[in-house]
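Have a look at the structure below, then the notes.
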Amino acid sequence: MQHFEPRNSSEAALHDYKEGLGIFTEKMPELAHLYNEFTQECFKEGTLSQKEKQLIALGISIYSQDEYCIIYHTKGCLDQGASEQEILETVGVTAAFGGGAAMSQSVTLVQEECITELNQLKQ
């Protein structure tokens with residue numbers, strides 16, 4: 001097995017998620033396959049763009065306090081070309097519903113860690 005050395009905490013969390021998903025897939029291949037098919041279909045380009053769908057998923061992740069999904073969907077937003085301003089507007093809408101808990105996740109995990117760290121990995 002090859003050793004992985006993450007360059008930052010966001011990359012480490014994404015690696016942990018993918019590793020865990022891989023183990024789950026080995027143990028529950030049919031369930032994992034069906035789940036992956038379903039989520040791939042949900043995030044396909046449609047009336048809503050993939051970027052819009054990632055922004056929605058980020059808002060839901062923040063609201064539900066799911067740190068792995070917050071990181072995963074912040075990356076998804078960036079990968080789909082969302083600007084920092086679009087991500088921060090999503091944060092604002094989420095905080096309107098999720099209050100202080102949503103805002104605290106957003107100004108720390110999304111703004112300070114994910115956007116900064118994931119943009120550095122692109123360079």
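Ordering of the structure tokens sets the chain letters (A, B, ...); residue numbers start at 1 within each chain; ligands are numbered from 1 in the order shown.
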
For this session: Tell me, as a PyMOL selection string, which residues lie within 10 Å of Phe43 in chain A, counting only C-alpha atoms; anything in the same chain fewer than 5 positions away does not count.
Result: chain A and resi 38+48-54+57

What does the file look like for those residues with N, CA, C and O atoms, as a short mmCIF file (atom, residue, chain, number, x, y, z; two decimals), in the first residue's frame?
```cif
data_model
loop_
_atom_site.label_atom_id
_atom_site.label_comp_id
_atom_site.auth_asym_id
_atom_site.auth_seq_id
_atom_site.Cartn_x
_atom_site.Cartn_y
_atom_site.Cartn_z
N PHE A 38 -27.04 6.77 -7.84
CA PHE A 38 -28.05 7.75 -7.46
C PHE A 38 -27.46 9.15 -7.33
O PHE A 38 -27.97 10.12 -7.88
N LEU A 48 -30.66 22.83 -13.50
CA LEU A 48 -29.64 23.45 -12.65
C LEU A 48 -28.27 22.98 -13.12
O LEU A 48 -28.09 21.80 -13.47
N SER A 49 -27.32 23.89 -13.10
CA SER A 49 -25.95 23.52 -13.47
C SER A 49 -25.30 22.70 -12.36
O SER A 49 -25.78 22.69 -11.22
N GLN A 50 -24.21 22.03 -12.70
CA GLN A 50 -23.48 21.29 -11.68
C GLN A 50 -22.95 22.23 -10.60
O GLN A 50 -22.92 21.87 -9.42
N LYS A 51 -22.57 23.43 -10.98
CA LYS A 51 -22.10 24.41 -10.00
C LYS A 51 -23.22 24.77 -9.04
O LYS A 51 -23.02 24.79 -7.82
N GLU A 52 -24.41 25.02 -9.55
CA GLU A 52 -25.54 25.35 -8.68
C GLU A 52 -25.87 24.20 -7.74
O GLU A 52 -26.15 24.42 -6.55
N LYS A 53 -25.79 22.99 -8.24
CA LYS A 53 -26.07 21.82 -7.41
C LYS A 53 -25.02 21.68 -6.30
O LYS A 53 -25.36 21.33 -5.16
N GLN A 54 -23.76 21.96 -6.61
CA GLN A 54 -22.71 21.90 -5.59
C GLN A 54 -22.93 22.99 -4.54
O GLN A 54 -22.71 22.76 -3.34
N ALA A 57 -25.64 21.77 -2.31
CA ALA A 57 -25.12 20.70 -1.45
C ALA A 57 -24.24 21.28 -0.34
O ALA A 57 -24.28 20.81 0.81
#
```

For this session: Would you list the contacts of Leu121 in chain A as a ChimeraX atom specification, taking every protein, DNA or RNA residue within 10 Å and counting only C-alpha atoms, but skipping same-chain residues closer than 3 positions in sequence?
Result: /A:7-8,10-11,116-118

Problem set entry | Selection near Leu88 in chain A, 10 Å with only C-alpha atoms, sequence-local residues under 3 positions removed, as a PyMOL selection string | chain A and resi 55+83-85+91-94+106-107+110-111

Keeping only all heavy atoms, take the residues you just selected and write them out as a tab-separated table (two decimals), in the first residue's frame.
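Resulting contents of selection-v7.tsv:
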```tsv
chain	number	residue	atom	x	y	z
A	55	LEU	N	-23.34	24.18	-4.96
A	55	LEU	CA	-23.62	25.25	-4.00
A	55	LEU	C	-24.78	24.87	-3.08
A	55	LEU	O	-24.72	25.11	-1.86
A	55	LEU	CB	-23.91	26.56	-4.74
A	55	LEU	CG	-22.70	27.21	-5.41
A	55	LEU	CD1	-23.15	28.28	-6.41
A	55	LEU	CD2	-21.74	27.79	-4.39
A	83	SER	N	-17.04	30.97	-7.65
A	83	SER	CA	-16.12	31.97	-7.10
A	83	SER	C	-16.23	31.98	-5.58
A	83	SER	O	-17.20	31.46	-5.00
A	83	SER	CB	-16.49	33.36	-7.64
A	83	SER	OG	-17.74	33.77	-7.12
A	84	GLU	N	-15.26	32.60	-4.94
A	84	GLU	CA	-15.32	32.74	-3.49
A	84	GLU	C	-16.58	33.51	-3.11
A	84	GLU	O	-17.24	33.18	-2.13
A	84	GLU	CB	-14.08	33.46	-2.97
A	84	GLU	CG	-14.05	33.59	-1.47
A	84	GLU	CD	-12.76	34.19	-0.92
A	84	GLU	OE1	-11.86	34.50	-1.72
A	84	GLU	OE2	-12.68	34.33	0.30
A	85	GLN	N	-16.94	34.52	-3.88
A	85	GLN	CA	-18.13	35.32	-3.60
A	85	GLN	C	-19.40	34.45	-3.66
A	85	GLN	O	-20.28	34.57	-2.80
A	85	GLN	CB	-18.25	36.49	-4.58
A	85	GLN	CG	-19.34	37.47	-4.22
A	85	GLN	CD	-19.10	38.18	-2.89
A	85	GLN	OE1	-17.96	38.44	-2.52
A	85	GLN	NE2	-20.16	38.48	-2.17
A	91	VAL	N	-23.00	30.67	1.96
A	91	VAL	CA	-22.81	30.69	3.42
A	91	VAL	C	-23.83	31.61	4.07
A	91	VAL	O	-24.46	31.27	5.07
A	91	VAL	CB	-21.36	31.15	3.76
A	91	VAL	CG1	-21.24	31.59	5.20
A	91	VAL	CG2	-20.37	30.06	3.42
A	92	GLY	N	-24.02	32.79	3.49
A	92	GLY	CA	-24.96	33.75	4.07
A	92	GLY	C	-26.38	33.23	4.10
A	92	GLY	O	-27.07	33.35	5.12
A	93	VAL	N	-26.82	32.63	3.00
A	93	VAL	CA	-28.18	32.07	2.96
A	93	VAL	C	-28.30	30.94	3.98
A	93	VAL	O	-29.30	30.86	4.71
A	93	VAL	CB	-28.53	31.58	1.54
A	93	VAL	CG1	-29.83	30.80	1.53
A	93	VAL	CG2	-28.58	32.75	0.56
A	94	THR	N	-27.29	30.10	4.07
A	94	THR	CA	-27.32	28.99	5.02
A	94	THR	C	-27.36	29.52	6.45
A	94	THR	O	-28.11	29.00	7.29
A	94	THR	CB	-26.10	28.07	4.82
A	94	THR	OG1	-26.05	27.66	3.45
A	94	THR	CG2	-26.19	26.85	5.71
A	106	SER	N	-18.93	27.94	8.72
A	106	SER	CA	-18.62	28.62	7.47
A	106	SER	C	-17.38	29.49	7.57
A	106	SER	O	-16.53	29.47	6.67
A	106	SER	CB	-19.81	29.47	7.04
A	106	SER	OG	-20.93	28.63	6.81
A	107	VAL	N	-17.28	30.27	8.63
A	107	VAL	CA	-16.15	31.19	8.71
A	107	VAL	C	-14.86	30.49	9.11
A	107	VAL	O	-13.78	31.04	8.92
A	107	VAL	CB	-16.43	32.39	9.66
A	107	VAL	CG1	-17.61	33.19	9.17
A	107	VAL	CG2	-16.61	31.95	11.10
A	110	VAL	N	-15.12	26.43	6.03
A	110	VAL	CA	-15.27	26.79	4.61
A	110	VAL	C	-14.28	27.89	4.23
A	110	VAL	O	-13.46	27.73	3.34
A	110	VAL	CB	-16.71	27.23	4.28
A	110	VAL	CG1	-16.81	27.72	2.84
A	110	VAL	CG2	-17.69	26.08	4.50
A	111	GLN	N	-14.37	29.01	4.92
A	111	GLN	CA	-13.61	30.20	4.52
A	111	GLN	C	-12.12	30.08	4.82
A	111	GLN	O	-11.29	30.30	3.96
A	111	GLN	CB	-14.19	31.42	5.23
A	111	GLN	CG	-13.52	32.73	4.87
A	111	GLN	CD	-14.25	33.88	5.53
A	111	GLN	OE1	-15.14	34.44	4.94
A	111	GLN	NE2	-13.87	34.21	6.75
```

For this session: Counting only C-alpha atoms, figure out which residue out of A:Gly76, A:Gly98, A:Gly22, A:Gly81 gets nearest to Cys114 in chain A.
Result: A:Gly76

Exercise. If you run DSSP on the backbone, which residues of chain A are helix (DSSP H, G or I), as an MDAnalysis selection string?
Worked result: chainID A and resid 9:27 29:42 50:63 67:79 84:122

For this session: Can you work out the spacing between CA of Met103 in chain A and CA of His73 in chain A in Å, to one decimal?
Result: 16.3 Å

For this session: Calculate how many Å separate CA of Leu58 in chain A from CA of Ile70 in chain A, rounding to one decimal.
Result: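 Distance reported for this atom pair: 5.8 Å.
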